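Shown next: target.cif, containing mmCIF, C-alpha atoms.
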```
data_my_file
#
loop_
_atom_site.label_atom_id
_atom_site.label_comp_id
_atom_site.auth_asym_id
_atom_site.auth_seq_id
_atom_site.Cartn_x
_atom_site.Cartn_y
_atom_site.Cartn_z
CA MET A 899 0.00 0.00 0.00
CA ILE A 900 1.27 3.45 -0.80
CA GLU A 901 0.62 6.44 1.40
CA ILE A 902 -2.37 8.47 0.23
CA SER A 903 -3.10 12.04 1.13
CA ASN A 904 -6.00 13.53 3.03
CA GLN A 905 -5.59 16.76 1.12
CA ARG A 906 -8.06 17.97 -1.52
CA TRP A 907 -7.28 19.94 -4.65
CA LYS A 908 -8.37 23.54 -4.73
CA PHE A 909 -9.76 24.98 -7.97
CA SER A 910 -9.16 28.58 -8.91
CA GLU A 911 -10.19 30.48 -12.01
CA TYR A 912 -8.42 33.10 -14.07
CA LEU A 913 -9.70 36.66 -13.81
CA THR A 914 -10.05 39.01 -16.78
CA ASP A 915 -8.77 42.60 -16.65
CA ASP A 916 -12.19 43.55 -15.23
CA GLY A 917 -11.91 40.95 -12.49
CA VAL A 918 -14.48 38.62 -14.02
CA GLY A 919 -14.06 34.87 -13.50
CA THR A 920 -13.54 33.29 -16.92
CA ILE A 921 -14.83 29.84 -16.04
CA THR A 922 -17.85 31.15 -14.15
CA THR A 923 -18.84 33.19 -17.23
CA TRP A 924 -18.33 30.21 -19.54
CA LEU A 925 -20.34 27.86 -17.32
CA GLN A 926 -23.23 30.29 -17.00
CA GLY A 927 -23.71 30.08 -20.76
CA LEU A 928 -24.06 26.31 -20.69
CA ASP A 929 -27.13 24.17 -20.17
CA VAL A 930 -27.98 23.24 -16.57
CA ASP A 931 -27.36 19.54 -17.32
CA VAL A 932 -23.85 20.32 -18.51
CA GLN A 933 -23.14 22.60 -15.56
CA ALA A 934 -24.13 19.78 -13.21
CA ARG A 935 -21.88 17.30 -15.00
CA ILE A 936 -18.92 19.64 -14.94
CA ASP A 937 -19.46 20.35 -11.23
CA ALA A 938 -19.58 16.60 -10.55
CA HIS A 939 -16.32 16.09 -12.40
CA LEU A 940 -14.54 18.97 -10.66
CA LEU A 941 -15.71 17.84 -7.26
CA GLN A 942 -14.35 14.39 -7.96
CA TRP A 943 -11.05 15.66 -9.34
CA ALA A 944 -10.67 17.67 -6.13
CA SER A 945 -10.50 14.44 -4.17
CA ARG A 946 -8.13 12.56 -6.48
CA ASP A 947 -4.60 12.08 -5.24
CA LYS A 948 -2.95 11.46 -8.58
CA TRP A 949 -4.05 13.11 -11.79
CA THR A 950 -2.78 10.75 -14.42
CA ASP A 951 -2.30 11.90 -17.97
CA ALA A 952 -4.67 9.24 -19.20
CA TYR A 953 -7.55 11.09 -17.59
CA VAL A 954 -6.37 14.68 -17.45
CA GLY A 955 -5.11 15.45 -20.93
CA LYS A 956 -1.60 16.74 -21.19
CA PHE A 957 -0.57 18.20 -24.49
CA GLU A 958 3.06 18.54 -25.45
CA SER A 959 2.23 21.64 -27.45
CA LEU A 960 0.67 23.28 -24.41
CA LYS A 961 3.58 23.86 -22.12
CA GLY A 962 2.46 23.56 -18.52
CA LEU A 963 -1.18 23.24 -19.49
CA ARG A 964 -3.55 20.43 -18.79
CA GLU A 965 -7.09 19.74 -19.80
CA ILE A 966 -10.10 18.41 -17.95
CA ALA A 967 -12.58 17.11 -20.50
CA VAL A 968 -16.21 16.31 -19.76
CA LEU A 969 -18.16 14.32 -22.32
CA HIS A 970 -21.88 14.90 -22.58
CA GLU A 971 -24.04 13.67 -25.40
CA ARG A 972 -22.37 14.83 -28.60
CA SER A 973 -20.08 17.48 -27.13
CA VAL A 974 -16.87 17.68 -25.17
CA TYR A 975 -16.52 20.46 -22.61
CA ARG A 976 -12.88 21.28 -22.13
CA ILE A 977 -11.26 23.27 -19.35
CA LEU A 978 -7.64 24.21 -19.88
CA GLY A 979 -5.62 25.07 -16.84
CA SER A 980 -2.44 24.55 -14.93
CA ALA A 981 -1.41 23.24 -11.54
CA ILE A 982 0.39 26.32 -10.29
CA SER A 983 1.27 24.74 -6.98
CA ILE A 984 0.74 21.47 -5.18
CA TRP A 985 -2.99 21.02 -4.67
CA GLU A 986 -4.06 24.09 -6.66
CA PHE A 987 -5.29 23.95 -10.23
CA VAL A 988 -6.04 27.25 -11.97
CA MET A 989 -8.65 26.99 -14.72
CA LEU A 990 -7.78 29.41 -17.49
CA ILE A 991 -10.28 28.91 -20.27
CA GLY A 992 -13.35 26.82 -21.07
CA HIS A 993 -14.09 25.56 -24.54
CA THR A 994 -17.10 23.73 -25.95
CA ASP A 995 -16.18 21.25 -28.67
CA ASP A 996 -19.53 20.50 -30.32
CA LEU A 997 -18.06 18.41 -33.09
CA ARG A 998 -15.84 16.26 -30.87
CA ARG A 999 -12.87 16.96 -33.07
CA ASN A 1000 -10.57 15.81 -30.29
CA ASN A 1001 -8.32 18.75 -30.72
CA ILE A 1002 -8.24 22.23 -29.31
CA PRO A 1003 -8.45 25.17 -31.72
CA ARG A 1004 -5.24 27.12 -32.14
CA GLU A 1005 -6.78 30.37 -30.82
CA ILE A 1006 -7.92 28.66 -27.62
CA LYS A 1007 -4.42 27.26 -27.02
CA ALA A 1008 -2.92 30.68 -27.71
CA GLU A 1009 -5.32 32.40 -25.31
CA ALA A 1010 -4.69 29.79 -22.61
CA ASN A 1011 -0.94 30.31 -22.95
CA LEU A 1012 -1.34 34.07 -22.76
CA ARG A 1013 -3.37 33.75 -19.59
CA LEU A 1014 -0.92 31.34 -18.04
CA ASN A 1015 1.91 33.79 -18.69
CA ALA A 1016 -0.14 36.65 -17.28
CA LEU A 1017 -0.83 34.56 -14.21
CA ARG A 1018 2.83 33.77 -13.73
CA MET A 1019 3.58 37.51 -13.86
CA ASN A 1020 0.72 38.32 -11.52
CA PRO A 1021 -0.61 35.49 -9.31
CA GLU A 1022 -3.38 37.84 -8.13
CA ARG A 1023 -5.19 37.24 -11.39
CA ARG A 1024 -7.05 34.31 -9.96
CA ARG A 1025 -9.66 33.62 -7.34
CA GLU A 1026 -11.03 30.53 -5.70
CA PHE A 1027 -13.62 28.92 -7.92
CA GLU A 1028 -17.08 29.28 -6.45
CA ASP A 1029 -19.55 27.73 -8.84
CA MET B 1457 -13.72 23.69 -1.11
CA ASN B 1458 -14.62 26.78 0.86
CA LEU B 1459 -17.88 27.70 2.55
CA LYS B 1460 -18.93 29.97 -0.33
CA THR B 1461 -18.41 27.17 -2.85
CA ARG B 1462 -20.48 24.84 -0.74
CA GLU B 1463 -23.27 27.40 -0.52
CA HIS B 1464 -23.23 27.88 -4.30
CA LEU B 1465 -23.37 24.18 -4.94
CA LEU B 1466 -26.13 23.56 -2.42
CA LYS B 1467 -28.12 26.45 -3.87
CA ARG B 1468 -27.82 25.01 -7.37
CA LEU B 1469 -29.07 21.65 -6.16
CA GLU B 1470 -32.45 23.28 -5.53
CA ASN B 1471 -32.97 23.14 -9.28
CA ARG B 1472 -34.42 19.66 -9.93
CA ARG B 1473 -32.88 19.28 -13.37
CA TYR B 1474 -29.45 20.28 -12.09
CA ARG B 1475 -29.82 17.95 -9.12
CA GLN B 1476 -30.77 14.97 -11.26
CA ALA B 1477 -27.96 15.55 -13.73
CA PHE B 1478 -25.46 16.00 -10.90
CA VAL B 1479 -26.45 12.79 -9.14
CA ASP B 1480 -26.58 10.91 -12.45
CA ALA B 1481 -23.10 12.03 -13.49
CA ASN B 1482 -21.70 11.26 -10.07
CA VAL B 1483 -22.50 7.56 -10.25
CA GLY B 1484 -19.96 7.00 -13.00
CA VAL B 1485 -17.57 9.69 -11.85
CA GLN B 1486 -17.31 8.29 -8.34
CA ILE B 1487 -16.94 4.65 -9.33
CA ALA B 1488 -14.29 5.49 -11.93
CA ALA B 1489 -12.36 7.53 -9.38
CA GLN B 1490 -12.52 4.71 -6.83
CA LEU B 1491 -11.48 2.02 -9.27
CA HIS B 1492 -8.51 4.12 -10.28
CA ALA B 1493 -7.57 5.08 -6.72
CA LEU B 1494 -7.86 1.50 -5.47
CA ARG B 1495 -5.60 0.19 -8.21
CA ILE B 1496 -3.00 2.92 -7.66
CA SER B 1497 -3.07 2.44 -3.88
CA ARG B 1498 -2.25 -1.25 -4.36
CA GLU B 1499 0.56 -0.30 -6.76
CA LEU B 1500 -0.97 -2.24 -9.63
CA SER B 1501 -0.74 -1.44 -13.30
CA GLN B 1502 -3.77 -2.13 -15.47
CA GLU B 1503 -1.83 -4.97 -17.09
CA LYS B 1504 -1.07 -6.54 -13.72
CA LEU B 1505 -4.67 -6.16 -12.61
CA GLU B 1506 -5.82 -7.78 -15.83
CA SER B 1507 -4.08 -11.02 -14.90
CA GLU B 1508 -5.04 -10.81 -11.21
CA ILE B 1509 -8.73 -10.25 -11.74
CA ASP B 1510 -9.05 -11.93 -15.15
CA MET B 1511 -10.56 -8.94 -16.86
CA ASN B 1512 -9.55 -7.38 -20.14
CA GLN B 1513 -7.15 -4.42 -19.71
CA ALA B 1514 -9.12 -2.32 -22.18
CA ARG B 1515 -12.22 -2.87 -20.08
CA ILE B 1516 -10.39 -1.91 -16.88
CA SER B 1517 -9.18 1.26 -18.57
CA LEU B 1518 -12.68 2.09 -19.78
CA MET B 1519 -14.17 1.62 -16.33
CA GLU B 1520 -11.65 4.03 -14.81
CA LYS B 1521 -12.83 6.81 -17.11
CA PRO B 1522 -15.24 9.28 -15.46
CA ASP B 1523 -17.62 9.25 -18.42
CA TYR B 1524 -18.17 5.49 -18.42
CA GLN B 1525 -21.76 4.77 -17.37
CA LYS B 1526 -22.29 1.06 -17.96
CA TYR B 1527 -21.23 -0.47 -14.66
CA ASN B 1528 -22.99 -3.53 -13.39
CA ILE B 1529 -23.12 -4.69 -9.81
CA LYS B 1530 -21.72 -8.12 -10.59
CA THR B 1531 -18.50 -6.62 -11.99
CA LEU B 1532 -18.20 -4.17 -9.11
CA LYS B 1533 -18.56 -7.07 -6.66
CA ARG B 1534 -15.61 -8.72 -8.38
CA PHE B 1535 -13.48 -5.65 -7.72
CA ALA B 1536 -14.68 -5.46 -4.10
CA LYS B 1537 -13.74 -9.10 -3.57
CA PHE B 1538 -10.32 -8.63 -5.12
CA TYR B 1539 -9.50 -5.51 -3.08
CA ASP B 1540 -11.06 -7.02 0.07
CA VAL B 1541 -13.37 -4.08 0.67
CA ALA B 1542 -17.15 -3.73 0.86
CA LEU B 1543 -19.33 -2.56 -2.01
CA ASP B 1544 -21.98 -0.24 -0.58
CA VAL B 1545 -24.80 0.38 -3.08
CA ARG B 1546 -27.64 2.24 -1.37
CA PHE B 1547 -30.09 5.06 -1.75
CA VAL B 1548 -29.41 8.13 0.38
CA ALA B 1549 -30.88 11.58 0.89
CA ILE B 1550 -29.17 14.22 -1.25
CA ARG B 1551 -28.01 16.20 1.78
CA GLU B 1552 -26.22 13.20 3.28
CA TYR B 1553 -24.77 12.38 -0.12
CA MET B 1554 -23.44 15.91 -0.59
CA LYS B 1555 -21.93 15.99 2.85
CA ARG B 1556 -19.90 12.89 2.08
CA LEU B 1557 -18.92 14.15 -1.34
CA LEU B 1558 -17.78 17.57 -0.19
CA ASP B 1559 -15.56 16.12 2.50
CA GLN B 1560 -14.11 13.31 0.42
CA SER B 1561 -10.32 13.12 0.29
CA PRO B 1562 -8.02 10.89 -1.80
CA LYS B 1563 -7.78 8.57 1.19
CA ASP B 1564 -11.53 7.98 1.17
CA LEU B 1565 -11.43 6.90 -2.46
CA ALA B 1566 -9.12 3.98 -1.78
CA PRO B 1567 -10.28 2.10 1.34
CA GLU B 1568 -7.82 -0.26 2.94
CA ALA B 1569 -8.16 -4.01 2.69
CA PHE B 1570 -9.87 -5.76 5.61
CA GLU B 1571 -6.68 -7.02 7.25
CA ILE B 1572 -4.88 -3.68 7.27
CA ASP B 1573 -7.97 -1.77 8.32
CA PHE B 1574 -8.75 -4.15 11.19
CA ARG B 1575 -5.15 -4.31 12.39
CA ARG B 1576 -5.03 -0.53 12.52
CA ALA B 1577 -8.32 -0.41 14.44
CA ALA B 1578 -7.07 -3.03 16.90
CA ASP B 1579 -3.81 -1.11 17.42
CA GLU B 1580 -5.80 2.03 18.14
CA LEU B 1581 -7.88 0.20 20.74
CA ARG B 1582 -4.81 -1.24 22.45
CA LYS B 1583 -3.13 2.13 22.69
CA PRO B 1584 -3.22 3.48 26.28
CA LEU B 1585 -5.01 6.78 26.57
CA ASN B 1586 -1.87 8.69 27.54
CA GLN B 1587 -0.13 7.55 24.35
CA GLU B 1588 -2.65 9.08 21.99
CA PRO B 1589 -0.99 11.54 19.62
CA LYS B 1590 -1.27 15.04 20.92
CA GLU B 1591 -2.73 17.53 18.50
CA SER B 1592 -1.49 21.08 18.79
CA SER B 1593 -4.08 23.50 20.12
CA SER B 1594 -4.01 25.51 16.88
CA ALA B 1595 -4.67 22.40 14.78
CA LYS B 1596 -7.54 21.52 17.09
CA ALA B 1597 -8.94 25.03 16.82
CA ARG B 1598 -8.64 24.98 13.03
CA GLU B 1599 -10.45 21.65 12.90
CA GLN B 1600 -13.19 23.00 15.17
CA VAL B 1601 -13.68 26.08 12.96
CA ARG B 1602 -13.79 23.88 9.85
CA HIS B 1603 -16.36 21.65 11.52
CA ASN B 1604 -18.50 24.62 12.56
CA LEU B 1605 -18.40 26.11 9.06
CA ARG B 1606 -19.37 22.80 7.56
CA GLU B 1607 -22.34 22.47 9.90
CA LEU B 1608 -23.33 26.07 9.27
CA SER B 1609 -23.33 25.64 5.50
CA PHE B 1610 -25.72 22.73 5.81
CA GLU B 1611 -27.91 24.65 8.24
CA ILE B 1612 -28.07 27.55 5.77
CA ALA B 1613 -28.93 25.16 2.98
CA GLY B 1614 -31.58 23.54 5.13
CA ALA B 1615 -33.13 26.90 5.96
CA LEU B 1616 -33.35 28.00 2.31
#
```

Written as structure tokens, how would this file's structure read?
Amino acid sequence: MIEISNQRWKFSEYLTDDGVGTITTWLQGLDVDVQARIDAHLLQWASRDKWTDAYVGKFESLKGLREIAVLHERSVYRILGSAISIWEFVMLIGHTDDLRRNNIPREIKAEANLRLNALRMNPERRREFED
Amino acid sequence: MNLKTREHLLKRLENRRYRQAFVDANVGVQIAAQLHALRISRELSQEKLESEIDMNQARISLMEKPDYQKYNIKTLKRFAKFYDVALDVRFVAIREYMKRLLDQSPKDLAPEAFEIDFRRAADELRKPLNQEPKESSSAKAREQVRHNLRELSFEIAGAL
């Protein structure tokens, strides 16, 4: 048996220049069913000790970024973010992939990278995720 | 998860559609997380587990994915038997369910096998009172505050 932690992951979200939570805004535009599914996934990820790459996507092209993907009916709801410290995952951008293309559009990757850099420059650009 | 997050989540559960989708999604999400955590805690690869439990590796992998929804009790009983833990399938009130979910830690996902769990419990019982680990007063206070907040959030939710 290996030693397992009692600690839970904390989720934060990236804030725009106006101080608006990017993930909260994205979620509010989604159907209630999808919101519930995403909440269920996040709550469960919070209590997982090890986030393996098989389940949390890690893309070589996205330096330092990881993806939590939630499948629902014909769409994939993707949250790109980064573990900025042990037990804290900052969600940077949400993306709805209606066609299940299994890739992330270039502009979404670029925006996520920009936000990650901005966050590294200013760690205040995040707040604890509330929704 | 802070008090505000809990309040938000509990508030959203008042919406019947949200509540049903949340509970529905959680069935698969929770089982997948437990199957994965149990395997990792026993230091088993999927390939190793395949030979131990006589189940196809691709199937094991599929069942560890949070979006998998086709579990059957017979298969889950096989896992429970192999890991020497209990499988607890029951209906519960949403409030009780949420309480457990919100406080769940990685340790809760991977319960110990009977022998280890019982040995630990027996050791605890044998320990003389004066040998119990002393918690610092600040840790105790923090735990008390956390407990009070947790209770308060459920009281608020109950009053809404």

Check every residue of chain B for an atom within 7 Å of chain A, counting all atoms listed in the file, and provide those that qualify as a list in words.
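Listing them in order of chain and number gives Met1457, Lys1460, Thr1461, His1464, Leu1465, Arg1473, Tyr1474, Ala1477, Phe1478, Ala1481, Asn1482, Val1485, Gln1486, Ser1497, Arg1498, Glu1499, Lys1521, Asp1523, Gln1560, Ser1561, Pro1562 and Lys1563 of chain B.
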
Residue with the minimum atom-to-atom distance to Val988 (chain A), picked from A:Asp916, A:Glu965, A:Glu1005, A:Glu911 with only C-alpha atoms counted, is A:Glu911

CA of Tyr1539 (chain B) to CA of Leu1491 (chain B), distance in Å rounded to a single decimal
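About the pair CA of Tyr1539 (chain B) and CA of Leu1491 (chain B): they are 9.9 Å apart.
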
Decode the PyMOL selection byres ((chain B and resi 1509) around 8) for the given file into explicit residues and return them as an MDAnalysis selection string.
chainID B and resid 1505:1508 1510:1511 1534:1535 1538

Determine, counting only C-alpha atoms, which protein, DNA and RNA residues have an atom within 10 Å of an atom of Ala1542 (chain B); residues of the same chain fewer than 5 positions away are not included. Present the result as a JSON list (two decimals) with C-alpha atoms, in the frame of the given file.
```json
[["chain", "number", "residue", "atom", "x", "y", "z"],
["B", 1533, "LYS", "CA", -18.56, -7.07, -6.66],
["B", 1535, "PHE", "CA", -13.48, -5.65, -7.72],
["B", 1536, "ALA", "CA", -14.68, -5.46, -4.10],
["B", 1537, "LYS", "CA", -13.74, -9.10, -3.57],
["B", 1567, "PRO", "CA", -10.28, 2.10, 1.34],
["B", 1569, "ALA", "CA", -8.16, -4.01, 2.69],
["B", 1570, "PHE", "CA", -9.87, -5.76, 5.61]]
```

Near-Glu1571 (chain B) list (10 Å; only C-alpha atoms; drop same-chain fewer than 4 positions) as a list of chain:residue names
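Residues near the query, excluding close chain neighbours: B:Asp1540, B:Val1541, B:Arg1575, B:Arg1576, B:Ala1577.
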
Evaluate the PyMOL selection byres ((chain A and resi 1017-1019) around 12) on the structure here and hand back the selected residues as a PyMOL selection string.
chain A and resi 910-915+962+979-983+988-990+1010-1016+1020-1025

Give as a ChimeraX atom specification the residues that the PyMOL selection byres ((chain A and resi 1002) around 12) matches when applied to the coordinates above.
/A:955-957,959-960,964-965,967,974-978,991-1001,1003-1010

One-decimal distance in Å that lies between CA of Ser1501 (chain B) and CA of Val1545 (chain B):
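Between these atoms lies a distance of 26.2 Å.
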
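CA of Ala1549 (chain B) sits 22.6 Å away from CA of Leu1532 (chain B).
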
Each side padded by 4 Å, which centre and which edge lengths in Å (one decimal) define the axis-aligned box around the listed atoms of region 1481-1494 of chain B? Give them as JSON.
```
{"center_x": -15.3, "center_y": 6.8, "center_z": -9.5, "size_x": 23.5, "size_y": 18.5, "size_z": 16.0}
```

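Across B:Tyr1553, B:Ala1514, B:Ala1566, B:Thr1531, the tightest approach to Leu1494 (chain B) is made by B:Ala1566 when counting all atoms listed in the file.
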